[in-house]
Each structure stands twice: as C-alpha cells, then as structure tokens.
$ cat upload.csv   # CSV, C-alpha atoms and all ligand atoms
chain,number,residue,atom,x,y,z
A,670,MET,CA,254.7,12.1,240.1
A,671,LYS,CA,252.5,10.2,242.5
A,672,TYR,CA,248.9,11.1,242.1
A,673,VAL,CA,246.1,11.5,239.6
A,674,ASP,CA,243.1,12.9,241.3
A,675,ILE,CA,239.7,12.2,239.7
A,676,HIS,CA,237.5,13.8,242.3
A,677,THR,CA,237.8,17.5,243.5
A,678,HIS,CA,235.7,20.5,244.2
A,679,ILE,CA,238.4,23.1,243.5
A,680,LEU,CA,237.0,24.8,240.4
A,681,TYR,CA,236.1,28.3,241.7
A,682,ASN,CA,232.5,29.3,242.3
A,683,SER,CA,231.1,26.0,241.0
A,684,ASP,CA,229.8,24.4,244.1
A,685,ASP,CA,230.6,24.2,247.9
A,686,GLY,CA,234.4,24.1,247.2
A,687,SER,CA,236.7,26.8,246.1
A,688,GLU,CA,235.3,30.3,246.4
A,689,SER,CA,237.6,32.3,244.2
A,690,ILE,CA,240.1,32.0,241.3
A,691,GLU,CA,242.9,32.9,243.8
A,692,GLN,CA,241.8,30.0,246.1
A,693,SER,CA,241.8,27.6,243.2
A,694,LEU,CA,245.3,28.7,242.1
A,695,GLU,CA,246.6,28.3,245.7
A,696,ILE,CA,245.2,24.8,245.9
A,697,LEU,CA,246.7,23.8,242.5
A,698,THR,CA,250.0,25.2,243.7
A,699,ILE,CA,249.8,23.0,246.8
A,700,ALA,CA,248.8,20.0,244.6
A,701,LYS,CA,251.9,20.6,242.5
A,702,LYS,CA,254.1,20.5,245.6
A,703,HIS,CA,252.5,17.1,246.5
A,704,HIS,CA,253.5,15.7,243.1
A,705,VAL,CA,250.0,15.6,241.7
A,706,ASN,CA,250.2,14.8,237.9
A,707,SER,CA,246.6,15.4,236.9
A,708,ILE,CA,243.4,16.8,238.5
A,709,CYS,CA,239.8,16.4,237.3
A,710,PHE,CA,237.4,19.1,238.5
A,711,THR,CA,234.2,17.5,239.5
A,712,PRO,CA,231.6,20.0,240.6
A,713,HIS,CA,228.5,18.6,242.3
A,714,CYS,CA,225.7,17.9,239.9
A,715,PHE,CA,222.1,17.5,240.9
A,716,ILE,CA,220.0,16.3,238.0
A,717,ASN,CA,217.2,18.8,238.7
A,718,ASN,CA,219.8,21.7,238.9
A,719,PRO,CA,222.9,20.8,236.9
A,720,PRO,CA,226.0,23.0,236.5
A,721,ASP,CA,226.5,25.0,233.3
A,722,MET,CA,229.2,22.9,231.6
A,723,GLN,CA,230.2,25.7,229.2
A,724,GLU,CA,231.1,27.7,232.3
A,725,VAL,CA,233.0,24.7,233.8
A,726,ILE,CA,234.9,24.3,230.5
A,727,ALA,CA,235.7,28.1,230.4
A,728,LYS,CA,237.0,28.2,234.0
A,729,THR,CA,239.1,25.0,233.5
A,730,ASN,CA,240.7,26.7,230.5
A,731,ILE,CA,241.5,29.9,232.5
A,732,LEU,CA,243.1,27.8,235.3
A,733,LYS,CA,245.1,25.7,232.8
A,734,GLU,CA,246.6,28.8,231.3
A,735,LYS,CA,247.3,30.4,234.6
A,736,ILE,CA,248.8,27.5,236.5
A,737,ASN,CA,251.0,26.2,233.8
A,738,ASN,CA,252.2,29.5,232.4
A,739,ASN,CA,252.9,31.1,235.8
A,740,ILE,CA,256.4,32.6,235.2
A,741,ASN,CA,256.8,33.1,239.0
A,742,SER,CA,256.4,29.4,239.7
A,743,ASN,CA,259.6,27.8,240.7
A,744,ILE,CA,258.1,24.4,240.3
A,745,ASN,CA,258.8,23.1,236.8
A,746,ASN,CA,256.3,20.3,236.7
A,747,ASN,CA,253.1,21.0,234.8
A,748,ILE,CA,249.8,19.7,236.0
A,749,ASN,CA,247.1,18.3,233.6
A,750,LEU,CA,243.6,19.7,234.2
A,751,PHE,CA,240.4,17.9,233.2
A,752,TYR,CA,236.7,18.4,234.0
A,753,GLY,CA,233.7,16.3,234.7
A,754,CYS,CA,231.0,16.2,237.4
A,755,GLU,CA,230.1,14.3,240.5
A,756,ILE,CA,226.5,13.4,239.8
A,757,MET,CA,224.1,12.6,242.7
A,758,ILE,CA,222.3,9.3,241.9
A,759,GLU,CA,218.7,9.5,240.6
A,760,ASP,CA,216.7,6.9,238.8
A,761,THR,CA,216.9,9.1,235.7
A,762,LEU,CA,220.8,9.2,235.7
A,763,PRO,CA,221.3,6.8,232.7
A,764,SER,CA,219.3,9.0,230.3
A,765,PHE,CA,220.6,12.2,231.8
A,766,ILE,CA,224.3,11.2,231.3
A,767,LYS,CA,223.5,10.1,227.7
A,768,LYS,CA,222.3,13.7,227.0
A,769,ASN,CA,225.2,15.3,229.0
A,770,GLU,CA,228.3,13.3,228.0
A,771,GLU,CA,230.6,16.2,228.7
A,772,MET,CA,229.9,15.4,232.4
A,773,CYS,CA,232.0,12.2,232.1
A,774,LEU,CA,235.5,12.4,233.7
A,775,GLY,CA,238.2,13.8,231.4
A,776,GLU,CA,238.3,12.4,227.9
A,777,GLY,CA,236.6,9.1,228.5
A,778,ASN,CA,233.3,7.6,229.4
A,779,TYR,CA,233.7,7.0,233.1
A,780,VAL,CA,231.0,8.8,235.2
A,781,LEU,CA,231.5,9.7,238.9
A,782,ILE,CA,228.3,9.0,240.9
A,783,GLU,CA,227.6,10.1,244.4
A,784,LEU,CA,225.3,8.3,246.8
A,785,PRO,CA,223.3,10.0,249.6
A,786,MET,CA,225.1,9.8,253.0
A,787,PHE,CA,222.2,8.4,255.0
A,788,ASN,CA,220.1,6.6,252.5
A,789,TYR,CA,220.5,3.6,250.2
A,790,PRO,CA,218.1,4.0,247.2
A,791,ILE,CA,216.7,0.7,246.0
A,792,TYR,CA,217.4,1.5,242.4
A,793,ILE,CA,221.2,1.7,242.7
A,794,LYS,CA,221.9,-1.6,241.1
A,795,GLU,CA,219.5,-1.0,238.2
A,796,VAL,CA,220.8,2.5,237.6
A,797,LEU,CA,224.4,1.3,237.4
A,798,TYR,CA,223.3,-1.5,235.0
A,799,GLN,CA,221.4,0.9,232.8
A,800,THR,CA,224.3,3.4,232.8
A,801,ARG,CA,226.6,0.7,231.6
A,802,LEU,CA,224.1,-0.4,228.9
A,803,LYS,CA,224.2,3.1,227.5
A,804,GLY,CA,227.9,2.9,227.1
A,805,PHE,CA,229.2,4.6,230.3
A,806,ILE,CA,231.2,3.2,233.1
A,807,PRO,CA,230.1,4.1,236.7
A,808,ILE,CA,232.5,5.0,239.4
A,809,ILE,CA,230.9,5.2,242.9
A,810,ALA,CA,232.4,8.1,244.9
A,811,HIS,CA,233.3,7.3,248.5
A,812,PRO,CA,230.8,4.5,249.3
A,813,GLU,CA,232.6,4.1,252.6
A,814,ARG,CA,230.9,7.3,253.7
A,815,ASN,CA,227.4,5.9,253.2
A,816,SER,CA,225.8,4.8,256.5
A,817,HIS,CA,224.0,1.7,255.1
A,818,ILE,CA,227.2,0.5,253.4
A,819,GLN,CA,229.1,1.1,256.7
A,820,LEU,CA,226.7,-1.2,258.4
A,821,GLU,CA,226.3,-3.9,255.7
A,822,THR,CA,229.3,-3.6,253.5
A,823,THR,CA,229.4,-6.9,251.8
A,824,LYS,CA,225.6,-7.0,250.9
A,825,HIS,CA,225.6,-3.5,249.4
A,826,ILE,CA,229.0,-3.4,247.8
A,827,LYS,CA,228.0,-6.4,245.5
A,828,ASP,CA,225.4,-4.1,243.9
A,829,ILE,CA,228.2,-1.7,242.9
A,830,ILE,CA,231.0,-3.9,241.7
A,831,VAL,CA,228.8,-5.9,239.2
A,832,ASN,CA,228.7,-2.8,237.0
A,833,GLY,CA,230.9,-0.2,238.5
A,834,TYR,CA,234.1,0.7,240.2
A,835,ILE,CA,234.8,2.0,243.7
A,836,GLN,CA,236.6,5.3,244.5
A,837,ILE,CA,237.5,5.9,248.2
A,838,ASN,CA,238.6,9.2,249.7
A,839,ALA,CA,242.2,9.6,251.0
A,840,GLY,CA,240.6,11.3,254.0
A,841,SER,CA,238.6,8.1,254.8
A,842,LEU,CA,241.8,6.1,255.1
A,843,THR,CA,243.4,8.6,257.5
A,844,GLY,CA,240.3,8.9,259.7
A,845,ARG,CA,239.3,12.4,258.6
A,846,HIS,CA,235.7,11.2,257.9
A,847,GLY,CA,235.4,9.3,261.2
A,848,GLU,CA,236.0,5.8,262.5
A,849,LEU,CA,233.2,4.1,260.6
A,850,ALA,CA,234.3,5.5,257.2
A,851,LYS,CA,237.9,4.5,258.0
A,852,LYS,CA,236.9,1.0,259.0
A,853,THR,CA,234.8,0.5,255.9
A,854,ALA,CA,237.5,2.0,253.6
A,855,LEU,CA,240.1,-0.4,255.1
A,856,LYS,CA,237.8,-3.3,254.7
A,857,LEU,CA,237.3,-2.4,251.0
A,858,VAL,CA,241.1,-2.1,250.5
A,859,LYS,CA,241.9,-5.4,252.2
A,860,ARG,CA,239.4,-7.2,249.9
A,861,ASN,CA,240.9,-5.6,246.8
A,862,LEU,CA,237.6,-3.9,245.9
A,863,VAL,CA,239.1,-0.4,245.5
A,864,SER,CA,240.0,0.9,242.0
A,865,PHE,CA,240.7,4.6,242.8
A,866,VAL,CA,241.8,6.8,245.7
A,867,ALA,CA,241.0,10.5,245.3
A,868,SER,CA,241.2,13.6,247.4
A,869,ASP,CA,237.6,14.9,247.2
A,870,SER,CA,239.3,18.3,247.9
A,871,HIS,CA,237.1,21.2,248.7
A,872,ASN,CA,239.9,23.6,250.0
A,873,ASP,CA,243.7,23.9,250.6
A,874,LYS,CA,243.6,21.1,253.2
A,875,GLY,CA,242.6,18.5,250.6
A,876,TYR,CA,246.1,17.3,249.7
A,877,SER,CA,247.4,17.2,253.2
A,878,HIS,CA,246.0,13.6,253.5
A,879,MET,CA,247.4,12.2,250.3
A,880,ASP,CA,250.8,11.1,251.4
A,881,GLU,CA,249.5,9.6,254.7
A,882,ALA,CA,246.8,7.7,252.8
A,883,TYR,CA,249.3,6.5,250.2
A,884,ASN,CA,251.5,5.1,253.0
A,885,ILE,CA,248.6,3.4,254.7
A,886,TYR,CA,247.6,1.8,251.4
A,887,ARG,CA,251.2,0.7,250.6
A,888,GLU,CA,251.6,-0.8,254.1
A,889,LEU,CA,248.5,-3.0,253.4
A,890,LYS,CA,248.9,-3.8,249.7
A,891,GLY,CA,252.4,-3.0,248.6
A,892,LYS,CA,253.7,-0.3,246.2
A,893,GLU,CA,252.5,-1.8,242.9
A,894,LYS,CA,248.8,-2.0,243.9
A,895,THR,CA,249.0,1.4,245.6
A,896,ASP,CA,250.4,3.1,242.5
A,897,GLN,CA,247.6,1.5,240.5
A,898,VAL,CA,244.8,3.1,242.6
A,899,PHE,CA,246.5,6.5,243.2
A,900,PHE,CA,248.0,6.9,239.7
A,901,TYR,CA,247.5,4.4,236.9
A,902,ASN,CA,243.8,3.6,237.2
A,903,PRO,CA,242.8,7.3,237.6
A,904,TYR,CA,244.9,8.2,234.6
A,905,LYS,CA,243.3,5.5,232.5
A,906,ALA,CA,239.8,6.7,233.6
A,907,LEU,CA,240.6,10.2,232.5
A,908,LYS,CA,241.8,8.9,229.1
A,909,GLY,CA,238.8,6.5,228.7
A,910,GLU,CA,241.0,3.4,228.8
A,911,TYR,CA,240.1,0.0,230.0
A,912,ILE,CA,240.6,-0.8,233.7
A,913,GLU,CA,240.5,-4.3,235.1
A,914,GLN,CA,237.4,-5.0,237.1
A,915,VAL,CA,238.0,-5.9,240.7
A,916,GLU,CA,235.2,-8.3,241.3
A,917,ILE,CA,236.4,-10.8,238.7
A,918,ASN,CA,239.6,-11.3,240.7
A,919,TYR,CA,237.7,-11.2,244.0
A,920,ILE,CA,235.3,-13.9,242.8
A,921,LYS,CA,238.2,-16.1,241.4
A,922,LYS,CA,240.1,-15.9,244.6
A,923,LYS,CA,237.0,-16.8,246.6
A,924,GLN,CA,236.5,-19.8,244.4
A,925,LYS,CA,240.1,-21.0,244.8
A,926,ALA,CA,240.0,-20.6,248.5
B,1001,FE,FE,232.8,15.1,246.2

$ encode --input "upload.csv" --output "structure tokens"
Amino acid sequence: MKYVDIHTHILYNSDDGSESIEQSLEILTIAKKHHVNSICFTPHCFINNPPDMQEVIAKTNILKEKINNNINSNINNNINLFYGCEIMIEDTLPSFIKKNEEMCLGEGNYVLIELPMFNYPIYIKEVLYQTRLKGFIPIIAHPERNSHIQLETTKHIKDIIVNGYIQINAGSLTGRHGELAKKTALKLVKRNLVSFVASDSHNDKGYSHMDEAYNIYRELKGKEKTDQVFFYNPYKALKGEYIEQVEINYIKKKQKA
C-alpha cells in the first residue's frame, strides 16, 4: 500500500468529476491497481451553493458496498472510502464550516480549502486563523497552481503555513499543470513545506501520475519523507490525528543556518 488520497472528484454526479456510477467504479478499480489504500471524495463546495451532504454520504456508502464486495474483482485489497469537501475560500468560511462539520475530511477536523486560480484574496490569512480558532485545521489545496503564489511564493506561503498545511497535486510535480506549477511545487518540496500529495483526480487519468510523482519526491527527499506525505500524513488527517507542522522545523532550520 502506497497512497492515501485526500483530494478527489470521483464521486459520481457530484461536481465536474465522475459522471456516472460506472465511471466512479472504474476509477476506483484503477486506484486499487495503483495500491491506493484510502480515498476521500471531496466534491467542490461553493459556500453560496454547497453540495447536499446527505447525498454525498449515500453515494459514498453505495460505492463502498460495490467496490469492496465485488465478487468479480481479482484484487484482494480493499480500499477505504471517506468523504469531505473541497471548499472555495470565502471570508465566511470559518462560520460556514462550524455549521457544516460533515464537510471536514474523513473522521477528523481537517478542512480542505481551495484558492482561486488567478486571485489572492486579502483575507486568506485571517480566514485560516479564524478557522483554526473554531477548532478546525485548514489544508490548502494545490497552492502551487495559484498565479500569485507562483510569482511570489515565499511571501504568500507564510500566510498559509502559520495556521494551515499544504497539499500539492501529484500532477503538478509531473508537469501536468504546466511549468510554473511544477516549479512552484518543487520549490515547496525542497523547502519541506509540503504535508500532503494528492491526486485531485477528476477521471480515470488521475492515478497515472502518482507513481511518477512519488519517484520525483523520493529522488528529492528520500523514502521516509515521501511516505509521510503520500501515506502517513493523509491517513492521519482522515482519522483526525495530529500532524507535525512544517513551519516549525522550517523556522528552526533557518535559525540554525
Ligand atoms: Fe480539486
């Protein structure tokens, strides 16, 4: 078992990802073949138009039953399925998540937050702080894809790591999201600022990048650190367990240097 994936859009008919139950089952079968241990479905959530979580839970349960009880499957490893949401940042996010705790990832209190691609809202730092104050732990989804962070990585990333964790996409490491995203992702990896790598899968191509991304990461940081961001940290997040904050080490190392 190699991967625990906390960011996907493969729950059928929930957002711009999987379009049918058959497609979801096909993607899950591919995930099994790639040794994915656990997957969290994270449909897009816009605060003014949130997904129906009862529907998300019901669909997750249907897939759980089908994928793990499939008597035709010749793969004997089961896959653990969880649900949550990827919530687009708004200044009202802290009070919104307090009223919608079921949108946290899996069984814990980590919340996956998306930034706009071409905009850097001034309230990001305050929203993460307030989210934390309310008892939730922010994870910023693929900051390497934000155009402002690509241009001024150090300046903006400080706003995030004070109160949140960073999740980068496997596809960013392999260049699928373009040169700037790749360069920024590598910069974050080299500085030890990454806590999670996830697939952000929308379709059956989503897991084709995982092995390549894993190897790129291992080449840079070694097996132990790589397993931490591809497996152990994501698993802990889904279970609501403590994860060491990266910036503490980063600052300590800077002071020593
Ligand atoms: Fe996503």

$ residues_near_ligand --input "upload.csv" --ligand "ligand FE 1001 (chain B)" --cutoff "12 Å" --atoms "only C-alpha atoms and all ligand atoms" --output "PyMOL selection string"
chain A and resi 674-679+684-686+709-714+753-757+781-786+809-812+814+836-840+867-872+875

$ write_last_selection --input "upload.csv" --atoms "C-alpha atoms" --output "mmCIF file, keeping the file's coordinate frame"
data_model
loop_
_atom_site.group_PDB
_atom_site.id
_atom_site.type_symbol
_atom_site.label_atom_id
_atom_site.label_comp_id
_atom_site.auth_asym_id
_atom_site.auth_seq_id
_atom_site.Cartn_x
_atom_site.Cartn_y
_atom_site.Cartn_z
ATOM 1 C CA ASP A 674 243.100 12.900 241.300
ATOM 2 C CA ILE A 675 239.700 12.200 239.700
ATOM 3 C CA HIS A 676 237.500 13.800 242.300
ATOM 4 C CA THR A 677 237.800 17.500 243.500
ATOM 5 C CA HIS A 678 235.700 20.500 244.200
ATOM 6 C CA ILE A 679 238.400 23.100 243.500
ATOM 7 C CA ASP A 684 229.800 24.400 244.100
ATOM 8 C CA ASP A 685 230.600 24.200 247.900
ATOM 9 C CA GLY A 686 234.400 24.100 247.200
ATOM 10 C CA CYS A 709 239.800 16.400 237.300
ATOM 11 C CA PHE A 710 237.400 19.100 238.500
ATOM 12 C CA THR A 711 234.200 17.500 239.500
ATOM 13 C CA PRO A 712 231.600 20.000 240.600
ATOM 14 C CA HIS A 713 228.500 18.600 242.300
ATOM 15 C CA CYS A 714 225.700 17.900 239.900
ATOM 16 C CA GLY A 753 233.700 16.300 234.700
ATOM 17 C CA CYS A 754 231.000 16.200 237.400
ATOM 18 C CA GLU A 755 230.100 14.300 240.500
ATOM 19 C CA ILE A 756 226.500 13.400 239.800
ATOM 20 C CA MET A 757 224.100 12.600 242.700
ATOM 21 C CA LEU A 781 231.500 9.700 238.900
ATOM 22 C CA ILE A 782 228.300 9.000 240.900
ATOM 23 C CA GLU A 783 227.600 10.100 244.400
ATOM 24 C CA LEU A 784 225.300 8.300 246.800
ATOM 25 C CA PRO A 785 223.300 10.000 249.600
ATOM 26 C CA MET A 786 225.100 9.800 253.000
ATOM 27 C CA ILE A 809 230.900 5.200 242.900
ATOM 28 C CA ALA A 810 232.400 8.100 244.900
ATOM 29 C CA HIS A 811 233.300 7.300 248.500
ATOM 30 C CA PRO A 812 230.800 4.500 249.300
ATOM 31 C CA ARG A 814 230.900 7.300 253.700
ATOM 32 C CA GLN A 836 236.600 5.300 244.500
ATOM 33 C CA ILE A 837 237.500 5.900 248.200
ATOM 34 C CA ASN A 838 238.600 9.200 249.700
ATOM 35 C CA ALA A 839 242.200 9.600 251.000
ATOM 36 C CA GLY A 840 240.600 11.300 254.000
ATOM 37 C CA ALA A 867 241.000 10.500 245.300
ATOM 38 C CA SER A 868 241.200 13.600 247.400
ATOM 39 C CA ASP A 869 237.600 14.900 247.200
ATOM 40 C CA SER A 870 239.300 18.300 247.900
ATOM 41 C CA HIS A 871 237.100 21.200 248.700
ATOM 42 C CA ASN A 872 239.900 23.600 250.000
ATOM 43 C CA GLY A 875 242.600 18.500 250.600
#

$ closest_residue --input "upload.csv" --among "A:Lys824, A:His846, A:Lys794, A:Arg801" --to "Tyr779 of chain A" --atoms "all atoms listed in the file"
A:Arg801

$ closest_residue --input "upload.csv" --among "A:Glu759, A:Glu813, A:Asp880, A:Asp896" --to "Leu855 of chain A" --atoms "only C-alpha atoms"
A:Glu813

$ atom_distance --input "upload.csv" --atom1 "atom CA of Tyr904 of chain A" --atom2 "atom CA of Pro719 of chain A"
25.5 Å

$ residues_near_point --input "upload.csv" --point "(215.6, 2.3, 242.0)" --cutoff "12 Å" --atoms "all atoms listed in the file" --output "VMD selection string"
chain A and resid 758 to 763 789 to 799 828

$ closest_residue --input "upload.csv" --among "A:Leu907, A:Leu862, A:Leu802, A:Ile912" --to "Tyr752 of chain A" --atoms "only C-alpha atoms"
A:Leu907

$ atom_distance --input "upload.csv" --atom1 "atom CA of Glu821 of chain A" --atom2 "atom CA of Leu842 of chain A"
18.5 Å

$ atom_distance --input "upload.csv" --atom1 "atom CA of Ile829 of chain A" --atom2 "atom CA of Glu771 of chain A"
23.0 Å
